[in-house]
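Next up, protein35.cif (mmCIF, C-alpha atoms):
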data_query
loop_
_atom_site.label_atom_id
_atom_site.label_comp_id
_atom_site.auth_asym_id
_atom_site.auth_seq_id
_atom_site.Cartn_x
_atom_site.Cartn_y
_atom_site.Cartn_z
CA MET P 162 19.69 -14.37 -23.37
CA ASN P 163 18.69 -10.74 -23.88
CA GLN P 164 17.05 -11.78 -27.19
CA THR P 165 14.22 -13.34 -25.16
CA LYS P 166 10.77 -12.23 -26.30
CA LEU P 167 7.74 -11.63 -24.11
CA PHE P 168 4.31 -10.68 -25.51
CA GLY P 169 6.02 -10.25 -28.87
CA LEU P 170 8.35 -7.60 -27.45
CA SER P 171 11.87 -7.65 -26.10
CA ALA P 172 11.93 -9.09 -22.59
CA GLU P 173 13.14 -5.74 -21.23
CA THR P 174 9.89 -4.15 -22.43
CA GLY P 175 7.47 -7.07 -22.31
CA ARG P 176 8.17 -7.91 -18.67
CA TRP P 177 6.36 -4.72 -17.62
CA PHE P 178 3.07 -6.16 -18.91
CA LEU P 179 3.35 -8.93 -16.31
CA ILE P 180 2.81 -6.40 -13.53
CA PRO P 181 -0.74 -5.27 -14.50
CA LEU P 182 -1.66 -8.90 -15.22
CA GLY P 183 -0.37 -9.91 -11.81
CA ILE P 184 -2.23 -6.98 -10.23
CA THR P 185 -5.48 -8.21 -11.80
CA VAL P 186 -5.02 -11.71 -10.38
CA GLN P 187 -4.30 -10.17 -6.97
CA LEU P 188 -7.42 -7.98 -7.25
CA CYS P 189 -9.54 -11.11 -7.59
CA LEU P 190 -7.79 -12.94 -4.77
CA GLY P 191 -7.85 -9.87 -2.52
CA THR P 192 -11.64 -9.80 -2.36
CA VAL P 193 -11.15 -11.57 0.96
CA TYR P 194 -10.31 -8.13 2.39
CA SER P 195 -13.90 -7.10 1.72
CA TRP P 196 -15.19 -9.65 4.23
CA SER P 197 -16.21 -6.96 6.74
CA ILE P 198 -18.95 -5.97 4.26
CA PHE P 199 -20.52 -9.43 4.66
CA ARG P 200 -20.31 -9.55 8.45
CA LYS P 201 -23.25 -7.39 9.52
CA PRO P 202 -25.69 -8.98 7.01
CA LEU P 203 -24.54 -12.44 8.15
CA GLU P 204 -24.84 -11.55 11.84
CA LYS P 205 -28.38 -10.33 11.23
CA LEU P 206 -29.33 -13.26 9.01
CA LEU P 207 -27.88 -16.00 11.23
CA GLY P 208 -28.18 -14.37 14.65
CA ILE P 209 -24.46 -14.75 15.41
CA GLY P 210 -21.87 -12.63 17.23
CA ALA P 211 -18.69 -10.90 16.16
CA THR P 212 -16.44 -13.89 16.79
CA GLU P 213 -18.58 -16.22 14.68
CA SER P 214 -18.92 -13.77 11.78
CA LEU P 215 -15.13 -13.45 11.67
CA LEU P 216 -14.53 -17.22 11.53
CA PRO P 217 -14.87 -17.77 7.74
CA PHE P 218 -12.43 -14.87 7.16
CA THR P 219 -10.04 -16.13 9.83
CA VAL P 220 -10.08 -19.72 8.55
CA LEU P 221 -9.50 -18.52 4.97
CA LEU P 222 -6.46 -16.51 6.03
CA VAL P 223 -5.00 -19.44 7.96
CA VAL P 224 -5.58 -21.91 5.12
CA PHE P 225 -4.18 -19.35 2.69
CA ALA P 226 -1.02 -19.02 4.80
CA ILE P 227 -0.61 -22.81 5.10
CA LEU P 228 -1.00 -23.48 1.37
CA MET P 229 1.23 -20.63 0.17
CA PRO P 230 4.46 -22.23 1.45
CA ILE P 231 3.51 -25.63 0.05
CA THR P 232 2.73 -24.13 -3.36
CA GLY P 233 6.18 -22.52 -3.46
CA PHE P 234 7.75 -25.98 -3.73
CA TYR P 235 5.65 -26.90 -6.78
CA ILE P 236 5.80 -23.81 -9.00
CA ASN P 237 9.01 -24.97 -10.71
CA ARG P 238 7.70 -28.53 -11.00
CA PHE P 239 4.28 -27.85 -12.52
CA GLY P 240 4.80 -24.39 -13.99
CA SER P 241 3.41 -21.00 -13.05
CA ARG P 242 0.56 -21.17 -15.57
CA LEU P 243 -0.91 -24.45 -14.28
CA VAL P 244 -0.55 -23.51 -10.62
CA THR P 245 -2.30 -20.16 -11.21
CA ALA P 246 -5.12 -21.82 -13.14
CA VAL P 247 -5.71 -24.46 -10.46
CA GLY P 248 -5.68 -21.84 -7.70
CA GLY P 249 -8.14 -19.60 -9.53
CA ALA P 250 -10.50 -22.48 -10.26
CA VAL P 251 -10.47 -23.75 -6.67
CA MET P 252 -11.10 -20.27 -5.27
CA GLY P 253 -13.98 -19.78 -7.69
CA ILE P 254 -15.49 -23.11 -6.67
CA GLY P 255 -15.24 -22.05 -3.02
CA TYR P 256 -17.18 -18.86 -3.72
CA ILE P 257 -19.79 -20.69 -5.79
CA LEU P 258 -20.31 -23.32 -3.08
CA SER P 259 -20.57 -20.50 -0.53
CA SER P 260 -23.59 -19.21 -2.44
CA PHE P 261 -25.40 -22.35 -1.33
CA SER P 262 -24.02 -22.20 2.22
CA SER P 263 -24.70 -18.65 3.41
CA GLY P 264 -27.53 -19.84 5.64
CA ASN P 265 -25.19 -21.87 7.82
CA ILE P 266 -22.01 -20.47 9.36
CA SER P 267 -20.40 -23.90 9.83
CA THR P 268 -20.83 -24.78 6.15
CA LEU P 269 -19.66 -21.31 5.13
CA ILE P 270 -16.46 -21.83 7.11
CA ILE P 271 -15.77 -24.91 4.95
CA THR P 272 -16.76 -23.50 1.56
CA TYR P 273 -15.41 -19.97 1.99
CA GLY P 274 -12.79 -20.46 4.67
CA VAL P 275 -11.28 -23.77 3.60
CA ILE P 276 -12.02 -24.24 -0.12
CA ALA P 277 -11.69 -20.61 -1.24
CA GLY P 278 -8.73 -20.29 1.12
CA VAL P 279 -7.01 -23.21 -0.60
CA GLY P 280 -7.47 -21.49 -3.95
CA VAL P 281 -6.10 -18.17 -2.71
CA GLY P 282 -3.15 -19.95 -1.12
CA ILE P 283 -2.31 -21.79 -4.33
CA ALA P 284 -2.52 -18.78 -6.65
CA TYR P 285 -1.30 -15.90 -4.48
CA GLY P 286 2.45 -16.41 -4.66
CA VAL P 287 2.71 -17.19 -8.36
CA PRO P 288 2.47 -13.64 -9.81
CA LEU P 289 4.96 -12.48 -7.17
CA ALA P 290 7.41 -15.27 -8.01
CA VAL P 291 7.08 -14.60 -11.75
CA VAL P 292 7.64 -10.86 -11.39
CA ALA P 293 10.52 -11.41 -8.96
CA LYS P 294 12.29 -13.55 -11.56
CA TRP P 295 11.78 -11.00 -14.35
CA PHE P 296 12.81 -8.00 -12.20
CA PRO P 297 15.97 -8.91 -10.26
CA ASP P 298 17.10 -5.32 -10.78
CA LYS P 299 13.92 -3.71 -9.37
CA LYS P 300 12.61 -6.42 -7.07
CA GLY P 301 11.12 -4.18 -4.37
CA LEU P 302 9.31 -1.91 -6.82
CA ALA P 303 8.07 -4.75 -9.05
CA VAL P 304 6.83 -6.98 -6.22
CA GLY P 305 5.32 -3.99 -4.42
CA LEU P 306 3.45 -2.93 -7.56
CA THR P 307 2.16 -6.45 -8.21
CA VAL P 308 0.98 -7.15 -4.69
CA ILE P 309 -0.79 -3.77 -4.62
CA GLY P 310 -3.70 -5.53 -6.32
CA PHE P 311 -4.43 -7.63 -3.25
CA GLY P 312 -4.58 -4.55 -1.04
CA LEU P 313 -6.53 -2.39 -3.49
CA SER P 314 -9.14 -5.07 -4.11
CA PRO P 315 -11.67 -3.69 -1.58
CA LEU P 316 -11.56 -0.36 -3.41
CA ILE P 317 -13.47 -2.13 -6.17
CA THR P 318 -14.99 -5.18 -4.53
CA ALA P 319 -16.29 -3.61 -1.28
CA PRO P 320 -18.73 -1.14 -2.91
CA LEU P 321 -19.51 -3.78 -5.53
CA ALA P 322 -20.34 -6.27 -2.77
CA VAL P 323 -22.61 -3.73 -1.07
CA GLN P 324 -24.63 -3.21 -4.26
CA LEU P 325 -24.72 -6.90 -5.14
CA ILE P 326 -25.90 -7.85 -1.64
CA LYS P 327 -28.68 -5.28 -1.92
CA SER P 328 -29.84 -6.57 -5.30
CA ASN P 329 -28.93 -10.27 -5.20
CA GLY P 330 -28.49 -11.12 -1.54
CA ILE P 331 -25.45 -12.73 0.05
CA SER P 332 -25.86 -15.99 -1.88
CA GLY P 333 -26.13 -14.27 -5.26
CA THR P 334 -23.08 -12.14 -4.51
CA PHE P 335 -20.93 -15.18 -3.75
CA LEU P 336 -22.09 -16.81 -6.99
CA ILE P 337 -21.33 -13.78 -9.16
CA PHE P 338 -17.90 -13.34 -7.59
CA GLY P 339 -17.08 -17.02 -7.99
CA VAL P 340 -17.88 -17.18 -11.70
CA ALA P 341 -16.21 -13.86 -12.53
CA PHE P 342 -13.00 -14.58 -10.64
CA THR P 343 -12.62 -18.04 -12.15
CA VAL P 344 -12.90 -16.74 -15.71
CA ILE P 345 -10.53 -13.81 -15.16
CA ILE P 346 -7.80 -15.83 -13.45
CA LEU P 347 -7.96 -18.69 -15.95
CA LEU P 348 -7.47 -16.26 -18.83
CA ILE P 349 -4.52 -14.47 -17.20
CA SER P 350 -2.88 -17.74 -16.13
CA THR P 351 -2.04 -18.47 -19.77
CA THR P 352 0.30 -15.43 -19.85
CA LEU P 353 2.32 -16.04 -16.68
CA LYS P 354 5.66 -17.69 -17.35
CA MET P 355 9.12 -17.64 -15.84
CA PRO P 356 12.16 -16.24 -17.72
CA PRO P 357 14.54 -18.73 -19.29
CA SER P 358 17.38 -19.97 -17.11
CA GLY P 359 20.20 -17.46 -16.92
CA TRP P 360 18.21 -14.51 -18.22
CA LYS P 361 19.02 -11.13 -16.69
CA PRO P 362 18.31 -7.50 -17.62
CA ALA P 363 20.86 -5.72 -19.75
CA ASN P 364 23.60 -3.91 -17.82
CA TRP P 365 22.63 -5.55 -14.53
CA ASN P 366 25.50 -7.01 -12.53
CA LEU P 367 24.32 -9.99 -10.50
CA LYS P 368 27.55 -10.26 -8.54
CA SER P 369 27.61 -6.67 -7.30
CA ASN P 370 23.93 -6.91 -6.38
CA LEU P 371 24.41 -10.04 -4.30
CA LYS P 372 27.43 -8.63 -2.49
CA THR P 373 25.09 -6.26 -0.68
CA ASN P 374 22.83 -9.06 0.52
CA LEU P 375 22.95 -11.10 3.66
CA LYS P 376 24.77 -14.39 3.77
CA ALA P 377 22.90 -16.61 1.32
CA SER P 378 21.04 -19.58 2.77
CA ARG P 379 19.26 -22.31 0.89
CA GLY P 380 16.46 -24.74 1.59
CA ALA P 381 16.19 -25.61 5.27
CA GLU P 382 19.22 -23.40 6.05
CA ILE P 383 16.95 -20.37 6.15
CA LEU P 384 15.60 -21.75 9.44
CA GLN P 385 19.10 -21.68 10.93
CA THR P 386 19.55 -17.92 10.61
CA PRO P 387 18.50 -15.49 13.38
CA THR P 388 17.53 -13.03 10.66
CA PHE P 389 14.76 -15.38 9.53
CA TYR P 390 13.22 -15.46 13.00
CA GLY P 391 13.47 -11.71 13.30
CA LEU P 392 11.70 -11.28 9.97
CA TRP P 393 9.12 -13.96 10.84
CA PHE P 394 8.13 -12.41 14.18
CA CYS P 395 8.07 -8.92 12.72
CA TYR P 396 5.82 -10.11 9.89
CA THR P 397 3.54 -11.85 12.40
CA ILE P 398 3.03 -8.61 14.33
CA GLY P 399 2.38 -6.63 11.15
CA THR P 400 -0.31 -9.06 9.98
CA PHE P 401 -1.79 -9.49 13.49
CA VAL P 402 -2.58 -5.79 13.68
CA GLY P 403 -3.35 -5.17 10.02
CA LEU P 404 -5.66 -8.10 9.29
CA ALA P 405 -7.62 -7.55 12.48
CA ALA P 406 -8.08 -3.88 11.53
CA ILE P 407 -9.33 -4.89 8.07
CA GLY P 408 -11.73 -7.44 9.54
CA ILE P 409 -13.31 -5.06 12.07
CA SER P 410 -13.22 -1.75 10.18
CA SER P 411 -16.83 -1.68 8.95
CA PRO P 412 -18.59 -2.95 12.13
CA LEU P 413 -16.33 -0.81 14.35
CA ALA P 414 -17.24 2.29 12.32
CA GLN P 415 -20.92 1.54 12.81
CA GLU P 416 -20.71 0.69 16.51
CA ILE P 417 -18.16 3.19 17.90
CA ILE P 418 -18.13 6.09 15.41
CA LYS P 419 -21.85 5.59 14.57
CA LEU P 420 -21.49 5.72 10.81
CA ASP P 421 -24.28 4.24 8.72
CA LYS P 422 -23.52 0.97 6.94
CA ASP P 423 -23.11 2.51 3.48
CA THR P 424 -20.65 5.12 4.73
CA ALA P 425 -18.81 2.45 6.70
CA ALA P 426 -18.51 0.39 3.51
CA MET P 427 -17.07 3.40 1.70
CA THR P 428 -14.36 3.71 4.34
CA VAL P 429 -13.31 0.12 3.58
CA SER P 430 -12.62 1.26 0.02
CA LEU P 431 -10.65 4.25 1.30
CA PHE P 432 -8.49 2.01 3.47
CA ALA P 433 -7.88 -0.24 0.47
CA ILE P 434 -6.15 2.69 -1.22
CA PHE P 435 -3.78 3.10 1.72
CA ASN P 436 -3.26 -0.66 1.84
CA GLY P 437 -2.21 -0.58 -1.80
CA ILE P 438 -0.07 2.55 -1.54
CA GLY P 439 1.69 1.05 1.46
CA ARG P 440 2.92 -1.86 -0.64
CA VAL P 441 4.60 0.37 -3.19
CA ALA P 442 5.91 2.86 -0.64
CA PHE P 443 7.41 0.28 1.69
CA GLY P 444 8.73 -1.75 -1.23
CA TRP P 445 10.69 1.33 -2.28
CA VAL P 446 11.80 2.06 1.30
CA THR P 447 13.02 -1.52 1.77
CA ASP P 448 14.97 -1.29 -1.50
CA ARG P 449 16.32 2.19 -0.80
CA PHE P 450 17.20 1.74 2.87
CA THR P 451 16.97 -1.52 4.87
CA PRO P 452 14.31 -3.99 6.07
CA LYS P 453 15.02 -2.78 9.62
CA PHE P 454 14.24 0.84 8.73
CA ALA P 455 11.03 -0.11 6.92
CA ALA P 456 9.86 -2.33 9.80
CA ILE P 457 10.46 0.33 12.45
CA ALA P 458 8.60 2.93 10.38
CA SER P 459 5.59 0.61 10.02
CA TYR P 460 5.42 -0.06 13.76
CA ILE P 461 5.61 3.62 14.64
CA LEU P 462 2.57 4.23 12.42
CA MET P 463 0.73 1.29 14.03
CA LEU P 464 1.47 2.68 17.49
CA ILE P 465 0.14 6.11 16.53
CA GLY P 466 -3.03 4.52 15.11
CA SER P 467 -3.55 2.45 18.27
CA ILE P 468 -3.25 5.49 20.55
CA MET P 469 -5.71 7.40 18.36
CA MET P 470 -8.30 4.61 18.48
CA LEU P 471 -7.99 4.24 22.27
CA ASN P 472 -9.26 7.82 22.45
CA ALA P 473 -11.88 7.59 19.66
CA ARG P 474 -15.48 8.32 20.56
CA GLN P 475 -18.80 8.74 18.76
CA ASN P 476 -18.58 11.09 15.75
CA ASP P 477 -14.76 11.11 15.83
CA VAL P 478 -14.77 10.38 12.12
CA ALA P 479 -11.41 12.00 11.39
CA THR P 480 -9.72 10.03 14.17
CA TYR P 481 -11.13 6.77 12.84
CA LEU P 482 -10.19 7.53 9.23
CA VAL P 483 -6.62 8.55 10.04
CA ALA P 484 -6.00 5.68 12.46
CA PHE P 485 -7.28 2.96 10.14
CA SER P 486 -5.49 4.53 7.19
CA LEU P 487 -2.28 4.17 9.22
CA PHE P 488 -3.11 0.55 10.09
CA THR P 489 -3.83 -0.44 6.50
CA PHE P 490 -0.91 1.57 5.10
CA SER P 491 1.44 -0.20 7.50
CA PHE P 492 -0.11 -3.60 6.91
CA GLY P 493 0.11 -3.11 3.15
CA GLY P 494 3.74 -2.25 3.71
CA TRP P 495 4.39 -5.66 5.25
CA LEU P 496 3.12 -7.36 2.10
CA ALA P 497 6.06 -5.64 0.37
CA ILE P 498 8.60 -5.59 3.21
CA ALA P 499 8.41 -9.35 3.77
CA PRO P 500 8.79 -10.56 0.16
CA THR P 501 11.36 -7.88 -0.69
CA SER P 502 13.36 -8.72 2.43
CA THR P 503 13.21 -12.40 1.51
CA LEU P 504 14.56 -11.57 -1.94
CA THR P 505 17.26 -9.37 -0.44
CA LEU P 506 18.36 -11.59 2.42
CA PHE P 507 18.23 -14.97 0.71
CA PRO P 508 18.95 -16.31 -2.82
CA SER P 509 16.42 -15.13 -5.41
CA GLU P 510 16.41 -18.52 -7.13
CA ASP P 511 14.89 -19.99 -3.96
CA TYR P 512 12.45 -17.13 -3.50
CA ALA P 513 9.22 -19.11 -3.91
CA LYS P 514 10.29 -21.66 -1.28
CA ASN P 515 11.84 -19.17 1.11
CA TYR P 516 8.97 -16.71 1.02
CA GLY P 517 6.59 -19.60 1.50
CA ILE P 518 8.33 -20.36 4.80
CA VAL P 519 8.36 -16.69 5.83
CA PHE P 520 4.69 -16.40 4.84
CA THR P 521 3.60 -18.80 7.59
CA ALA P 522 3.84 -15.70 9.79
CA PHE P 523 0.86 -14.31 7.88
CA GLY P 524 -1.33 -17.21 9.03
CA VAL P 525 -0.26 -16.94 12.66
CA GLY P 526 -0.88 -13.20 12.68
CA ALA P 527 -4.24 -13.62 10.94
CA LEU P 528 -5.43 -16.24 13.42
CA GLY P 529 -4.28 -14.35 16.50
CA GLY P 530 -5.43 -10.90 15.44
CA THR P 531 -8.90 -11.69 14.12
CA LEU P 532 -9.80 -14.10 16.95
CA LEU P 533 -8.60 -11.70 19.65
CA ALA P 534 -10.49 -8.78 18.08
CA GLY P 535 -13.73 -10.76 17.94
CA ARG P 536 -13.30 -12.13 21.47
CA ILE P 537 -12.61 -8.67 22.93
CA ARG P 538 -15.73 -7.33 21.21
CA ASP P 539 -17.87 -10.15 22.62
CA ILE P 540 -16.43 -9.87 26.16
CA PHE P 541 -16.27 -6.08 26.57
CA GLY P 542 -19.02 -5.07 24.14
CA SER P 543 -16.64 -2.81 22.20
CA TYR P 544 -13.59 -3.07 19.96
CA THR P 545 -11.80 -0.24 21.80
CA ASN P 546 -9.87 -2.48 24.19
CA PHE P 547 -8.31 -4.30 21.23
CA PHE P 548 -5.99 -1.36 20.67
CA TYR P 549 -4.13 -1.93 23.94
CA PRO P 550 -2.53 -5.15 22.63
CA THR P 551 -1.88 -3.58 19.22
CA ALA P 552 0.01 -0.72 20.87
CA GLY P 553 2.04 -3.18 22.92
CA LEU P 554 2.86 -5.32 19.91
CA ALA P 555 3.98 -2.27 17.93
CA ILE P 556 6.52 -1.50 20.67
CA ILE P 557 7.71 -5.12 20.72
CA GLY P 558 8.02 -5.01 16.93
CA ILE P 559 10.30 -1.98 17.09
CA LEU P 560 12.59 -3.79 19.53
CA LEU P 561 12.64 -6.95 17.38
CA ALA P 562 13.49 -4.96 14.27
CA VAL P 563 16.32 -3.11 16.02
CA PHE P 564 18.00 -6.21 17.43
CA MET P 565 17.13 -9.01 14.95
CA LEU P 566 16.91 -7.51 11.47
CA LYS P 567 20.66 -7.06 11.17
CA ARG P 568 22.82 -7.60 8.13
CA SER P 569 25.55 -10.25 8.22
CA PRO P 570 28.66 -10.42 5.98
CA ILE P 571 28.19 -12.63 2.94
CA ASN P 572 30.57 -15.57 3.05
CA ALA P 573 33.38 -16.01 0.55
CA GLY P 574 32.17 -19.41 -0.54
CA VAL P 575 28.92 -17.92 -1.86
CA LEU P 576 30.82 -15.27 -3.81
CA GLU P 577 32.98 -17.98 -5.36
CA GLU P 578 29.82 -19.79 -6.41
CA ILE P 579 28.42 -16.57 -7.88
CA ASP P 580 31.67 -16.05 -9.80
CA THR P 581 31.24 -19.44 -11.49
CA LYS P 582 27.71 -18.52 -12.64
CA ILE P 583 28.22 -15.09 -14.21
#
Could the structure of this file be written out as structure tokens, please?
Amino acid sequence: MNQTKLFGLSAETGRWFLIPLGITVQLCLGTVYSWSIFRKPLEKLLGIGATESLLPFTVLLVVFAILMPITGFYINRFGSRLVTAVGGAVMGIGYILSSFSSGNISTLIITYGVIAGVGVGIAYGVPLAVVAKWFPDKKGLAVGLTVIGFGLSPLITAPLAVQLIKSNGISGTFLIFGVAFTVIILLISTTLKMPPSGWKPANWNLKSNLKTNLKASRGAEILQTPTFYGLWFCYTIGTFVGLAAIGISSPLAQEIIKLDKDTAAMTVSLFAIFNGIGRVAFGWVTDRFTPKFAAIASYILMLIGSIMMLNARQNDVATYLVAFSLFTFSFGGWLAIAPTSTLTLFPSEDYAKNYGIVFTAFGVGALGGTLLAGRIRDIFGSYTNFFYPTAGLAIIGILLAVFMLKRSPINAGVLEEIDTKI
């Protein structure tokens, strides 16, 4: 099996090219994290409030989270290439249709929130599943590196969106993004394929690796383990705080810190860097230590950021930058902690299905966090009060991680099954 070729090279070497290709797909999909750049222009154009301007973003995240689990059940059936291509095309169509809908928030919710969200949901998990299969020996690092593209996307797309909106308007920006993303993802989709059955890296011992994992569970059995619920609730809290922070960063900077819109947009790019770094850093931490340790560390950082923002006032630029860097760093970490934990705690061959189930937490957190942030802004006239619930949730998350993210002994029957396969 080690004679397998990839990109004309040995699989051991060629598999590393899948990571930058996966990153590029994630960069396109992760443009959703630049939504805060569109909010102020839309609020001014349509005369809407903070809650309404967050709705397309919120709906997209929920649809994304609903479709991701469903897609996980079809990757093996239809192939990673076809699923990626379909997802990229649907997302592109959503953006293109949004270019004709930017004058109506209800229509934009359908075209951007639902249609583009469907595309993101279909395509998102495929590069992760492909890389996970090719890197059973470095799963945390490989998945963390691949998913970094989603978090780093605003580093490129946020300033690009600012310039495109200035020169082409909101409609023109959606159109350009839609066409570009469709072409890029369709081209890359032709290169994404799973390893042949039974392939493994040279000198990697599957049995010894699995002995360190939790008791293996398959299919619906994942729902019968307390560890799943611990991971699910912890992931929900991480996305609740992180996605809300991403959605409100630019308008909050303008309203509370009194930054101008261009500077506020630049901070979105800065936070994208921390979002991306968090994925690699926490992927390594989860591999090196335990999911529990990584989760607790992320919540401590969220708590510190919440306390800082509760005391932030006009011109407290450093406070704002540090606090939101902590939020996005921690949130980015959860996009590595959750998939790496799923790979570690449950069988890797069922990763796409299992992570799809775990990923429903992303949608719940997205819905709760973004809606609450917008509602608090509309009721109190400021985003400051939002950081009381984020501080409370960080404390709850620490307790959940301590008591529910515990390892269990792997059962002998699973080891006997492993013995028959290697």
(message) Could you tell me how far CA of Ala534 (chain P) sits from CA of Thr551 (chain P), in Å to one decimal place?
(response) 10.1 Å
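Residue neighbourhood of Ser486 (chain P), excluding near-sequence residues (fewer than 2 positions): Ala406, Thr428, Val429, Leu431, Phe432, Ala433, Ile434, Phe435, Asn436, Gly439, Leu462, Met463, Gly466, Thr480, Tyr481, Leu482, Val483, Ala484, Phe488, Thr489, Phe490, Ser491 and Phe492 of chain P, at 10 Å, using only C-alpha atoms.
Note that the spacing between CA of Leu496 (chain P) and CA of Ile345 (chain P) amounts to 22.9 Å.
Distance annotation: of P:Gln415, P:Val402, P:Leu216, P:Ile540, the residue with the minimal separation from Ala552 (chain P) is P:Val402; atom set is all atoms listed in the file.
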(message) Quick one: residues within 9 Å of Ile198 (chain P), all atoms listed in the file, excluding same-chain residues fewer than 2 positions away - as an MDAnalysis selection string?
(response) chainID P and resid 195:196 200:202 319:320 322:323 411:412 422 425:426 429
(request) Run the PyMOL selection byres ((chain P and resi 330-343) around 9) against the file shown and list the residues it catches, as a PyMOL selection string. (result) chain P and resi 186+189-190+192+199+202-203+246+249-264+322+325-329+344-348
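As for CA of Ala555 (chain P) and CA of Thr521 (chain P), they are spaced 19.5 Å apart.
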(message) Give me the residues near region 221-238 of chain P as a PyMOL selection string, where near means some atom within 9 Å (using only C-alpha atoms) and where sequence neighbours in that chain fewer than 4 positions away do not count.
(response) chain P and resi 193+216-217+242-244+270-271+273-287+290+355+512-528
(request) Check the smallest atom-to-atom distance from each of P:Lys294, P:Gly403, P:Gln385, P:Pro550 to Ile537 (chain P) using all atoms listed in the file, then report the winner. (result) P:Pro550
